[in-house]
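protein-v4.tsv, holding TSV, C-alpha atoms:
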chain	number	residue	atom	x	y	z
A	30	MET	CA	-62.30	4.97	-17.86
A	31	ASP	CA	-58.94	6.48	-16.84
A	32	ASN	CA	-59.27	5.34	-13.24
A	33	VAL	CA	-60.38	1.83	-14.11
A	34	PRO	CA	-57.54	-0.71	-13.88
A	35	LYS	CA	-56.56	-2.18	-17.24
A	36	TYR	CA	-57.50	-5.75	-16.33
A	37	VAL	CA	-61.00	-4.66	-15.22
A	38	ALA	CA	-61.56	-2.92	-18.54
A	39	ALA	CA	-60.17	-5.97	-20.33
A	40	SER	CA	-62.47	-8.36	-18.47
A	41	ALA	CA	-65.48	-6.08	-19.12
A	42	LEU	CA	-64.63	-6.13	-22.81
A	43	ALA	CA	-64.16	-9.88	-22.68
A	44	ILE	CA	-67.56	-10.35	-21.04
A	45	SER	CA	-69.36	-8.16	-23.59
A	46	ALA	CA	-67.53	-9.98	-26.40
A	47	VAL	CA	-68.62	-13.28	-24.97
A	48	SER	CA	-72.22	-12.05	-24.77
A	49	ARG	CA	-72.08	-10.94	-28.41
A	50	THR	CA	-70.88	-14.35	-29.52
A	51	GLY	CA	-73.79	-15.92	-27.65
A	52	LYS	CA	-71.66	-17.99	-25.30
A	53	PRO	CA	-73.28	-18.60	-21.93
A	54	ASP	CA	-72.23	-16.32	-19.09
A	55	ASP	CA	-70.98	-17.56	-15.71
A	56	ARG	CA	-74.43	-17.68	-14.15
A	57	GLU	CA	-75.78	-19.86	-16.94
A	58	LEU	CA	-72.77	-22.15	-16.69
A	59	VAL	CA	-73.21	-22.37	-12.92
A	60	ARG	CA	-76.88	-23.30	-13.40
A	61	GLN	CA	-75.89	-26.04	-15.82
A	62	ALA	CA	-73.14	-27.28	-13.51
A	63	GLN	CA	-75.64	-27.40	-10.65
A	64	LYS	CA	-77.72	-29.74	-12.80
A	65	GLY	CA	-74.68	-31.97	-13.19
A	66	ALA	CA	-73.21	-30.80	-16.50
A	67	SER	CA	-69.49	-31.35	-16.03
A	68	ASP	CA	-68.62	-29.69	-19.36
A	69	ALA	CA	-70.20	-26.45	-18.05
A	70	PHE	CA	-67.96	-26.66	-15.00
A	71	GLU	CA	-64.96	-27.36	-17.23
A	72	GLU	CA	-65.69	-24.09	-19.05
A	73	LEU	CA	-65.84	-22.28	-15.72
A	74	VAL	CA	-62.43	-23.75	-14.83
A	75	ARG	CA	-61.01	-22.55	-18.13
A	76	ARG	CA	-62.37	-19.04	-17.58
A	77	HIS	CA	-61.15	-18.61	-14.01
A	78	GLN	CA	-58.01	-20.72	-13.71
A	79	ARG	CA	-55.63	-17.81	-14.38
A	80	ARG	CA	-57.11	-15.57	-11.67
A	81	VAL	CA	-57.43	-18.40	-9.15
A	82	THR	CA	-53.79	-19.33	-9.76
A	83	ALA	CA	-52.93	-15.64	-9.25
A	84	VAL	CA	-54.73	-15.56	-5.88
A	85	VAL	CA	-53.09	-18.79	-4.74
A	86	GLY	CA	-49.71	-17.68	-6.06
A	87	GLY	CA	-50.09	-14.33	-4.29
A	88	ILE	CA	-50.66	-16.02	-0.94
A	89	LEU	CA	-48.42	-19.11	-1.10
A	90	ARG	CA	-45.61	-17.86	-3.34
A	91	ARG	CA	-44.18	-21.41	-3.39
A	92	ARG	CA	-44.24	-22.43	-7.01
A	93	GLU	CA	-44.36	-26.18	-6.35
A	94	ASP	CA	-47.59	-25.90	-4.28
A	95	ILE	CA	-49.50	-23.33	-6.30
A	96	GLU	CA	-50.93	-25.60	-9.00
A	97	ASP	CA	-51.85	-28.32	-6.53
A	98	VAL	CA	-53.73	-25.94	-4.24
A	99	ALA	CA	-55.38	-24.14	-7.18
A	100	GLN	CA	-56.71	-27.46	-8.50
A	101	GLN	CA	-57.96	-28.31	-5.02
A	102	VAL	CA	-59.85	-24.97	-5.02
A	103	PHE	CA	-61.76	-26.00	-8.16
A	104	LEU	CA	-62.49	-29.43	-6.72
A	105	LYS	CA	-63.98	-27.80	-3.60
A	106	ALA	CA	-66.00	-25.43	-5.79
A	107	TYR	CA	-67.34	-28.42	-7.77
A	108	VAL	CA	-68.30	-30.30	-4.62
A	109	SER	CA	-70.14	-27.32	-3.11
A	110	ILE	CA	-71.58	-25.72	-6.25
A	111	GLN	CA	-75.10	-26.84	-5.22
A	112	ARG	CA	-74.82	-24.52	-2.23
A	113	PHE	CA	-73.84	-21.49	-4.35
A	114	ASP	CA	-76.94	-19.27	-4.36
A	115	MET	CA	-75.78	-16.70	-6.99
A	116	ARG	CA	-76.07	-13.81	-4.54
A	117	SER	CA	-72.51	-12.82	-5.46
A	118	ALA	CA	-70.52	-13.24	-8.64
A	119	PHE	CA	-69.18	-16.75	-9.20
A	120	SER	CA	-65.63	-15.33	-9.35
A	121	THR	CA	-65.99	-13.69	-5.90
A	122	TRP	CA	-67.24	-16.94	-4.40
A	123	LEU	CA	-64.40	-18.83	-6.07
A	124	TYR	CA	-61.69	-16.41	-4.85
A	125	LYS	CA	-63.02	-16.73	-1.32
A	126	ILE	CA	-62.67	-20.49	-1.54
A	127	ALA	CA	-59.14	-19.94	-2.86
A	128	VAL	CA	-58.15	-17.69	0.05
A	129	ASN	CA	-59.60	-20.09	2.64
A	130	GLU	CA	-57.91	-23.04	0.97
A	131	CYS	CA	-54.57	-21.23	1.12
A	132	TRP	CA	-54.94	-20.32	4.81
A	133	ASP	CA	-55.88	-23.96	5.56
A	134	TYR	CA	-52.90	-25.18	3.59
A	135	LEU	CA	-50.50	-22.87	5.41
A	136	ARG	CA	-52.01	-23.88	8.77
A	137	LYS	CA	-51.77	-27.62	8.01
A	138	LYS	CA	-48.24	-27.34	6.73
A	139	LYS	CA	-47.42	-25.05	9.65
A	140	VAL	CA	-45.51	-22.82	7.27
A	141	ARG	CA	-44.05	-19.85	9.04
A	142	PRO	CA	-42.46	-17.04	7.09
A	143	LEU	CA	-38.74	-17.14	7.50
A	144	SER	CA	-37.26	-14.22	9.34
A	145	TYR	CA	-34.16	-12.77	7.78
A	146	GLU	CA	-32.26	-10.43	9.97
A	147	ALA	CA	-29.08	-9.98	7.96
A	148	ASP	CA	-28.56	-6.76	6.06
A	149	LEU	CA	-28.41	-6.87	2.29
A	150	SER	CA	-24.92	-7.19	0.87
A	151	GLU	CA	-23.48	-4.20	-0.90
A	152	GLU	CA	-23.99	-5.95	-4.24
A	153	GLN	CA	-27.62	-6.84	-3.45
A	154	ALA	CA	-28.35	-3.32	-2.26
A	155	ARG	CA	-26.89	-1.90	-5.47
A	156	ARG	CA	-29.05	-4.22	-7.60
A	157	VAL	CA	-32.21	-3.33	-5.72
A	158	GLU	CA	-31.37	0.37	-5.97
A	159	GLN	CA	-30.90	0.00	-9.72
A	160	PHE	CA	-34.21	-1.83	-10.00
A	161	VAL	CA	-36.08	0.78	-7.95
A	162	SER	CA	-34.56	3.77	-9.78
A	163	ALA	CA	-35.34	2.16	-13.15
A	164	ASP	CA	-39.06	2.13	-12.18
A	165	GLY	CA	-39.14	-1.60	-11.59
A	166	VAL	CA	-37.61	-2.76	-14.84
A	167	ALA	CA	-35.42	-5.86	-14.76
A	168	ASP	CA	-35.13	-7.64	-18.08
A	169	ASN	CA	-32.81	-10.43	-17.07
A	170	PRO	CA	-34.86	-13.35	-15.65
A	171	GLY	CA	-32.00	-14.38	-13.32
A	172	GLN	CA	-31.76	-10.87	-11.97
A	173	ARG	CA	-35.51	-10.77	-11.51
A	174	ALA	CA	-35.45	-14.04	-9.55
A	175	GLU	CA	-32.74	-12.68	-7.26
A	176	LEU	CA	-34.66	-9.45	-6.74
A	177	ARG	CA	-37.79	-11.45	-6.00
A	178	GLU	CA	-35.94	-13.35	-3.31
A	179	ILE	CA	-34.69	-10.11	-1.77
A	180	VAL	CA	-38.17	-8.57	-1.73
A	181	GLU	CA	-39.51	-11.81	-0.18
A	182	ARG	CA	-37.01	-11.28	2.62
A	183	LEU	CA	-38.18	-7.71	3.06
A	184	LEU	CA	-41.83	-8.81	3.14
A	185	ALA	CA	-41.14	-11.36	5.88
A	186	ASP	CA	-41.76	-8.80	8.64
A	187	LEU	CA	-45.30	-8.12	7.48
A	188	SER	CA	-48.28	-10.14	8.68
A	189	GLU	CA	-49.45	-12.88	6.33
A	190	GLU	CA	-52.62	-10.94	5.54
A	191	ASP	CA	-50.84	-7.64	4.83
A	192	ARG	CA	-48.28	-9.41	2.66
A	193	THR	CA	-51.07	-11.14	0.78
A	194	MET	CA	-52.88	-7.85	0.20
A	195	LEU	CA	-49.76	-6.17	-1.10
A	196	VAL	CA	-48.87	-8.97	-3.52
A	197	LEU	CA	-52.47	-9.36	-4.74
A	198	LYS	CA	-52.70	-5.62	-5.36
A	199	GLU	CA	-49.27	-4.89	-6.78
A	200	ALA	CA	-48.35	-8.08	-8.55
A	201	GLN	CA	-51.62	-9.74	-9.46
A	202	GLY	CA	-53.54	-6.54	-10.20
A	203	PHE	CA	-56.61	-7.21	-8.05
A	204	ALA	CA	-58.78	-4.20	-7.20
A	205	VAL	CA	-59.10	-3.08	-3.57
A	206	GLU	CA	-62.79	-4.07	-3.66
A	207	GLU	CA	-61.91	-7.60	-4.80
A	208	ILE	CA	-59.29	-7.95	-2.07
A	209	GLY	CA	-61.82	-6.74	0.49
A	210	THR	CA	-64.34	-9.37	-0.61
A	211	MET	CA	-61.72	-12.12	-0.58
A	212	LEU	CA	-60.51	-11.29	2.91
A	213	ASP	CA	-63.89	-10.21	4.33
A	214	LEU	CA	-62.63	-6.70	4.96
A	215	ASN	CA	-64.14	-3.28	4.43
A	216	VAL	CA	-62.69	-1.40	1.42
A	217	ASN	CA	-61.33	1.45	3.57
A	218	THR	CA	-59.71	-1.05	5.94
A	219	VAL	CA	-57.97	-2.65	2.96
A	220	LYS	CA	-56.74	0.77	1.78
A	221	VAL	CA	-55.39	1.74	5.20
A	222	ARG	CA	-53.70	-1.63	5.72
A	223	LEU	CA	-52.25	-1.57	2.23
A	224	PHE	CA	-50.83	1.88	2.78
A	225	ARG	CA	-49.32	0.91	6.14
A	226	ALA	CA	-47.93	-2.33	4.67
A	227	ARG	CA	-46.23	-0.32	1.94
A	228	ARG	CA	-44.65	1.98	4.51
A	229	ARG	CA	-43.41	-0.95	6.58
A	230	LEU	CA	-41.89	-2.56	3.49
A	231	ALA	CA	-40.09	0.67	2.60
A	232	LYS	CA	-38.79	1.14	6.15
A	233	ASN	CA	-37.62	-2.46	6.22
A	234	TYR	CA	-35.85	-1.94	2.92
A	235	ARG	CA	-34.01	1.14	4.19
A	236	ARG	CA	-33.06	-0.66	7.41
A	237	ARG	CA	-31.68	-3.68	5.51
A	238	LEU	CA	-29.62	-1.61	3.13
A	239	GLY	CA	-26.85	-1.68	5.72
A	240	PRO	CA	-24.45	1.10	6.66
A	241	ASN	CA	-22.33	0.89	3.47
A	242	ALA	CA	-25.27	1.04	1.13
A	243	ARG	CA	-26.91	3.80	3.15
A	244	GLU	CA	-23.72	5.84	2.88
A	245	ALA	CA	-23.62	5.22	-0.86
A	246	ARG	CA	-27.17	6.61	-1.25
B	22	MET	CA	-45.67	18.93	13.34
B	23	SER	CA	-48.28	19.18	16.11
B	24	GLU	CA	-50.04	16.18	17.64
B	25	GLN	CA	-53.34	17.37	16.12
B	26	ASN	CA	-51.82	17.42	12.63
B	27	LYS	CA	-50.43	13.91	13.09
B	28	ILE	CA	-53.89	12.64	13.93
B	29	ASP	CA	-55.33	14.37	10.89
B	30	CYS	CA	-52.60	12.91	8.67
B	31	LYS	CA	-53.47	9.40	9.90
B	32	LYS	CA	-56.98	10.04	8.61
B	33	LEU	CA	-55.51	10.78	5.19
B	34	GLU	CA	-54.16	7.24	4.67
B	35	VAL	CA	-57.22	6.16	2.68
B	36	LEU	CA	-56.91	9.22	0.45
B	37	LEU	CA	-53.16	8.72	0.04
B	38	GLU	CA	-53.75	5.12	-1.04
B	39	ASP	CA	-56.29	6.33	-3.64
B	40	TYR	CA	-53.93	9.13	-4.70
B	41	LEU	CA	-51.16	6.59	-5.23
B	42	GLY	CA	-53.40	4.42	-7.39
B	43	GLY	CA	-54.75	7.44	-9.30
B	44	ALA	CA	-58.26	6.68	-8.03
B	45	LEU	CA	-58.88	10.06	-6.42
B	46	SER	CA	-61.26	12.61	-7.97
B	47	ARG	CA	-59.60	15.73	-9.37
B	48	PRO	CA	-60.75	18.23	-6.69
B	49	LEU	CA	-59.71	15.85	-3.89
B	50	ALA	CA	-56.39	15.15	-5.59
B	51	GLU	CA	-55.72	18.90	-5.85
B	52	ASN	CA	-56.56	19.41	-2.16
B	53	LEU	CA	-54.28	16.56	-1.18
B	54	ALA	CA	-51.47	17.88	-3.38
B	55	ALA	CA	-51.78	21.22	-1.60
B	56	HIS	CA	-51.56	19.45	1.76
B	57	LEU	CA	-48.54	17.44	0.63
B	58	GLU	CA	-46.67	20.66	-0.19
B	59	PHE	CA	-46.53	21.76	3.43
B	60	CYS	CA	-46.72	18.34	5.19
B	61	PRO	CA	-43.34	16.53	5.20
B	62	ASP	CA	-44.80	13.49	7.05
B	63	CYS	CA	-47.40	12.81	4.39
B	64	ARG	CA	-44.81	13.42	1.67
B	65	ALA	CA	-42.48	10.88	3.25
B	66	ALA	CA	-45.35	8.40	3.63
B	67	LEU	CA	-46.24	8.78	-0.02
B	68	ASP	CA	-42.58	8.34	-1.08
B	69	ASP	CA	-42.40	5.15	1.02
B	70	ALA	CA	-45.56	3.84	-0.58
B	71	ARG	CA	-44.23	4.57	-4.08
B	72	LEU	CA	-40.96	2.83	-3.29
B	73	SER	CA	-42.85	-0.25	-2.05
B	74	SER	CA	-44.97	-0.34	-5.17
B	75	ARG	CA	-41.81	-0.51	-7.25
B	76	LEU	CA	-40.35	-3.22	-5.00
B	77	ALA	CA	-43.52	-5.32	-5.12
B	78	GLY	CA	-43.49	-4.94	-8.89
B	79	VAL	CA	-40.73	-7.56	-8.96
B	80	PHE	CA	-43.43	-10.23	-8.53
B	81	GLU	CA	-44.82	-11.24	-11.88
B	82	GLU	CA	-48.48	-11.57	-12.63
B	83	ALA	CA	-49.44	-15.21	-12.84
B	84	GLY	CA	-49.92	-16.49	-16.38
B	85	ASP	CA	-52.66	-18.83	-17.54
B	86	PRO	CA	-51.71	-22.33	-16.38
B	87	GLY	CA	-53.04	-23.71	-19.66
B	88	PRO	CA	-55.13	-26.70	-20.75
B	89	ALA	CA	-53.05	-29.15	-18.70
B	90	PHE	CA	-54.37	-27.44	-15.58
B	91	THR	CA	-57.99	-27.79	-16.75
B	92	ARG	CA	-57.40	-31.47	-17.51
B	93	GLY	CA	-55.85	-31.91	-14.07
B	94	VAL	CA	-58.88	-30.38	-12.36
B	95	MET	CA	-61.34	-32.52	-14.33
B	96	ALA	CA	-59.26	-35.64	-13.60
B	97	ARG	CA	-59.38	-34.85	-9.88
B	98	ILE	CA	-63.15	-34.39	-10.09
B	99	GLY	CA	-63.41	-37.73	-11.92
B	100	VAL	CA	-61.39	-39.49	-9.21
B	101	ALA	CA	-63.49	-37.90	-6.46
B	102	GLU	CA	-66.76	-38.89	-8.13
B	103	ARG	CA	-65.52	-42.46	-8.67
B	104	TRP	CA	-64.58	-42.67	-5.01
B	105	VAL	CA	-68.03	-41.44	-3.97
B	106	ARG	CA	-69.67	-44.03	-6.26
B	107	GLU	CA	-67.47	-46.81	-4.92
B	108	GLN	CA	-68.23	-45.86	-1.36
B	109	ALA	CA	-71.94	-45.81	-2.21
B	110	SER	CA	-71.78	-49.23	-3.91
B	111	PHE	CA	-69.91	-50.76	-0.92
B	112	TRP	CA	-72.24	-49.40	1.74
B	113	HIS	CA	-75.52	-49.62	-0.20
B	114	PRO	CA	-76.33	-53.36	0.51
B	115	ILE	CA	-75.39	-52.94	4.17
B	116	GLU	CA	-77.53	-49.83	4.41
B	117	THR	CA	-80.51	-51.61	2.80
B	118	LEU	CA	-80.17	-54.57	5.19
B	119	ALA	CA	-79.93	-52.23	8.17
B	120	TRP	CA	-83.10	-50.42	7.10
B	121	ARG	CA	-84.97	-53.73	6.69
B	122	LEU	CA	-83.86	-54.88	10.14
B	123	ALA	CA	-84.90	-51.59	11.68
B	124	PHE	CA	-88.34	-51.81	10.01
B	125	SER	CA	-88.87	-55.40	11.17
B	126	ALA	CA	-87.87	-54.52	14.72
B	127	ALA	CA	-90.27	-51.54	14.75
B	128	LEU	CA	-93.13	-53.73	13.46
B	129	ALA	CA	-92.41	-56.40	16.10
B	130	LEU	CA	-92.47	-53.77	18.82
B	131	VAL	CA	-95.86	-52.44	17.65
B	132	LEU	CA	-97.31	-55.96	17.59
B	133	LEU	CA	-96.01	-56.76	21.06
B	134	PHE	CA	-97.43	-53.55	22.46
B	135	THR	CA	-100.85	-54.21	20.92
B	136	TYR	CA	-100.90	-57.78	22.25
B	137	ASP	CA	-99.94	-56.56	25.70
B	138	LEU	CA	-102.80	-54.05	25.72
B	139	ARG	CA	-105.37	-56.66	24.74
B	140	ALA	CA	-104.12	-59.47	27.02
B	141	GLY	CA	-104.03	-57.26	30.16
B	142	ASN	CA	-106.83	-57.70	32.94
B	143	PRO	CA	-109.08	-54.72	33.00
B	144	PRO	CA	-111.28	-54.28	36.22
B	145	ALA	CA	-114.25	-56.68	36.15
B	146	PRO	CA	-117.65	-55.09	35.51
B	147	PRO	CA	-120.16	-55.36	38.42
B	148	THR	CA	-122.21	-58.60	38.35
B	149	GLU	CA	-125.95	-58.46	37.90
B	150	THR	CA	-126.55	-59.96	41.38
B	151	THR	CA	-124.72	-57.26	43.28
B	152	ALA	CA	-126.36	-54.64	41.16
B	153	LEU	CA	-129.80	-55.85	42.15
B	154	ALA	CA	-128.73	-56.08	45.79
B	155	HIS	CA	-127.88	-52.40	45.69
B	156	GLN	CA	-131.22	-51.54	44.15
B	157	THR	CA	-133.40	-53.42	46.69
B	158	ASP	CA	-132.87	-55.51	49.73
B	159	VAL	CA	-136.32	-57.03	49.46
B	160	VAL	CA	-135.87	-59.53	46.70
B	161	THR	CA	-132.75	-61.28	45.60
B	162	ILE	CA	-133.31	-63.47	42.68
B	163	PRO	CA	-130.39	-65.67	41.74
B	164	VAL	CA	-129.36	-65.00	38.21
B	165	SER	CA	-128.76	-68.66	37.55
B	166	SER	CA	-132.49	-69.40	38.11
B	167	PRO	CA	-134.69	-66.42	37.43
B	168	PRO	CA	-138.34	-66.65	38.54
B	169	SER	CA	-140.36	-68.20	35.81
B	170	GLY	CA	-143.71	-66.72	36.85
B	171	GLY	CA	-145.64	-64.46	39.19
B	172	ASP	CA	-146.11	-67.24	41.78
B	173	GLN	CA	-142.42	-67.78	42.12
B	174	VAL	CA	-141.90	-64.08	42.71
B	175	LEU	CA	-144.49	-64.07	45.45
B	176	LEU	CA	-142.92	-67.14	47.04
B	177	ALA	CA	-139.52	-65.49	47.02
B	178	ILE	CA	-140.96	-62.38	48.74
B	179	ALA	CA	-142.63	-64.59	51.35
B	180	GLU	CA	-139.37	-66.41	52.00
B	181	LYS	CA	-137.52	-63.19	52.43
B	182	TYR	CA	-140.20	-61.92	54.82
B	183	HIS	CA	-139.90	-65.07	56.97
B	184	GLU	CA	-136.13	-64.81	57.05
B	185	ARG	CA	-136.43	-61.32	58.49
B	186	GLN	CA	-138.83	-62.50	61.07
If you convert what's in this file into structure tokens, what do you get?
Amino acid sequence: MDNVPKYVAASALAISAVSRTGKPDDRELVRQAQKGASDAFEELVRRHQRRVTAVVGGILRRREDIEDVAQQVFLKAYVSIQRFDMRSAFSTWLYKIAVNECWDYLRKKKVRPLSYEADLSEEQARRVEQFVSADGVADNPGQRAELREIVERLLADLSEEDRTMLVLKEAQGFAVEEIGTMLDLNVNTVKVRLFRARRRLAKNYRRRLGPNAREAR
Amino acid sequence: MSEQNKIDCKKLEVLLEDYLGGALSRPLAENLAAHLEFCPDCRAALDDARLSSRLAGVFEEAGDPGPAFTRGVMARIGVAERWVREQASFWHPIETLAWRLAFSAALALVLLFTYDLRAGNPPAPPTETTALAHQTDVVTIPVSSPPSGGDQVLLAIAEKYHERQ
């Protein structure tokens, strides 16, 4: 159980707890929703809204759009639930819809990641260094927001897919297998791309530190 | 580091990713640790990956959007279903009328075709006169006045004989 991510263990416990209490599982709820029971679908929304929002948030990272797109994902799932044949888990099917919806949204909006070429200021570099050396601990919400913006800038050089993988894995806690299913990629491909994306991010970080900060290191 | 070693190290990326996430089995992890001791490239790659993990940790895990989100989704579904019903109620009478017209037109076409088949002029069957003429050139008895007895038949044969003469 040591190698199992915490959230996987937590969801497994949650599922078994749900079974013990006699509440219907996802498949049963899907069957009911396919027969037109909207309350069954509402329960499915309640169960999966956090993870769907995490997927959408991981890809879009624009807070104002996340909720809107996540709700659209559930609407699409509702409309096409008759076509869901239960060959995969409902969550996998739902996350795939979420990923496709996000790509469509980015394509329609023609959102291109901004390219930042300027080096980090001495102050910014110092803050990031502090954050990194403190094993990613930043208590102050303002500081965290600033750091998030800096890391966004560093991520801008990565492809949309690699950036998505990295954020889904590191921030949203998705397993490599889940990411592979969402993006239609082999597990080993995800691992290799994740590893390379990490290296690119680190190189970009070192490059952007600027001469002063590099000297200070 | 030789070119061969670099190629081999590229093959280790999958293992390094698992090693980073603590997903590698113990024997494999020990082998990789031994490799890392003498391979500066792989060590640097692993350090980079660790640094990135800390940087990406600045993004927070999304929280549950709460019951307002669920209500929002169900409201959207309600609006979509209402729209579908409205569309159906607007087009339904037009669709019914169109189907009726199509059925009537199809029926009319079938009737016209049948009438045309029956009213057409098929080739006339051979008359009885010509049929007899083919059978014998000795006696031709008009169909309009068939011979009423044996005498009339004999007279007709005699007439025919004289005509030949």
Discussion item. Contacts from chain A to chain B, 8 Å maximum, only C-alpha atoms: show me the residue list as an NGL selection string.
Written reply: :A and (32 or 71 or 74-75 or 78-80 or 82-83 or 86 or 96 or 100-101 or 103-104 or 107 or 161 or 164-165 or 173 or 176-177 or 180 or 195-196 or 199-202 or 217 or 220-221 or 223-224 or 227-228 or 230-232)
Worksheet entry | Coordinates-based distance that separates atom CA of Ile126 of chain A from atom CA of Arg229 of chain A (Å, one decimal) |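 Going from atom CA of Arg229 of chain A over to atom CA of Ile126 of chain A covers 28.6 Å.
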Worksheet item: What does the distance between atom CA of Val84 of chain A and atom CA of Phe70 of chain A come to in Å, to one decimal place?
Response: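 Calculated distance between atom CA of Val84 of chain A and atom CA of Phe70 of chain A is 19.5 Å.
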Discussion item. Just the number, please: distance in Å from atom CA of Arg47 of chain B to atom CA of Met211 of chain A, one decimal.
Written reply: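 These atoms are spaced 29.3 Å apart.
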Fill in: Test item: which residues lie within 7 Å of (-61.5, -3.5, 2.0) counting only C-alpha atoms, as a list in words
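It turns out the residues near that spot are Val205, Glu206, Ile208, Gly209, Leu214, Asn215, Val216, Asn217, Thr218, Val219 and Lys220 of chain A.
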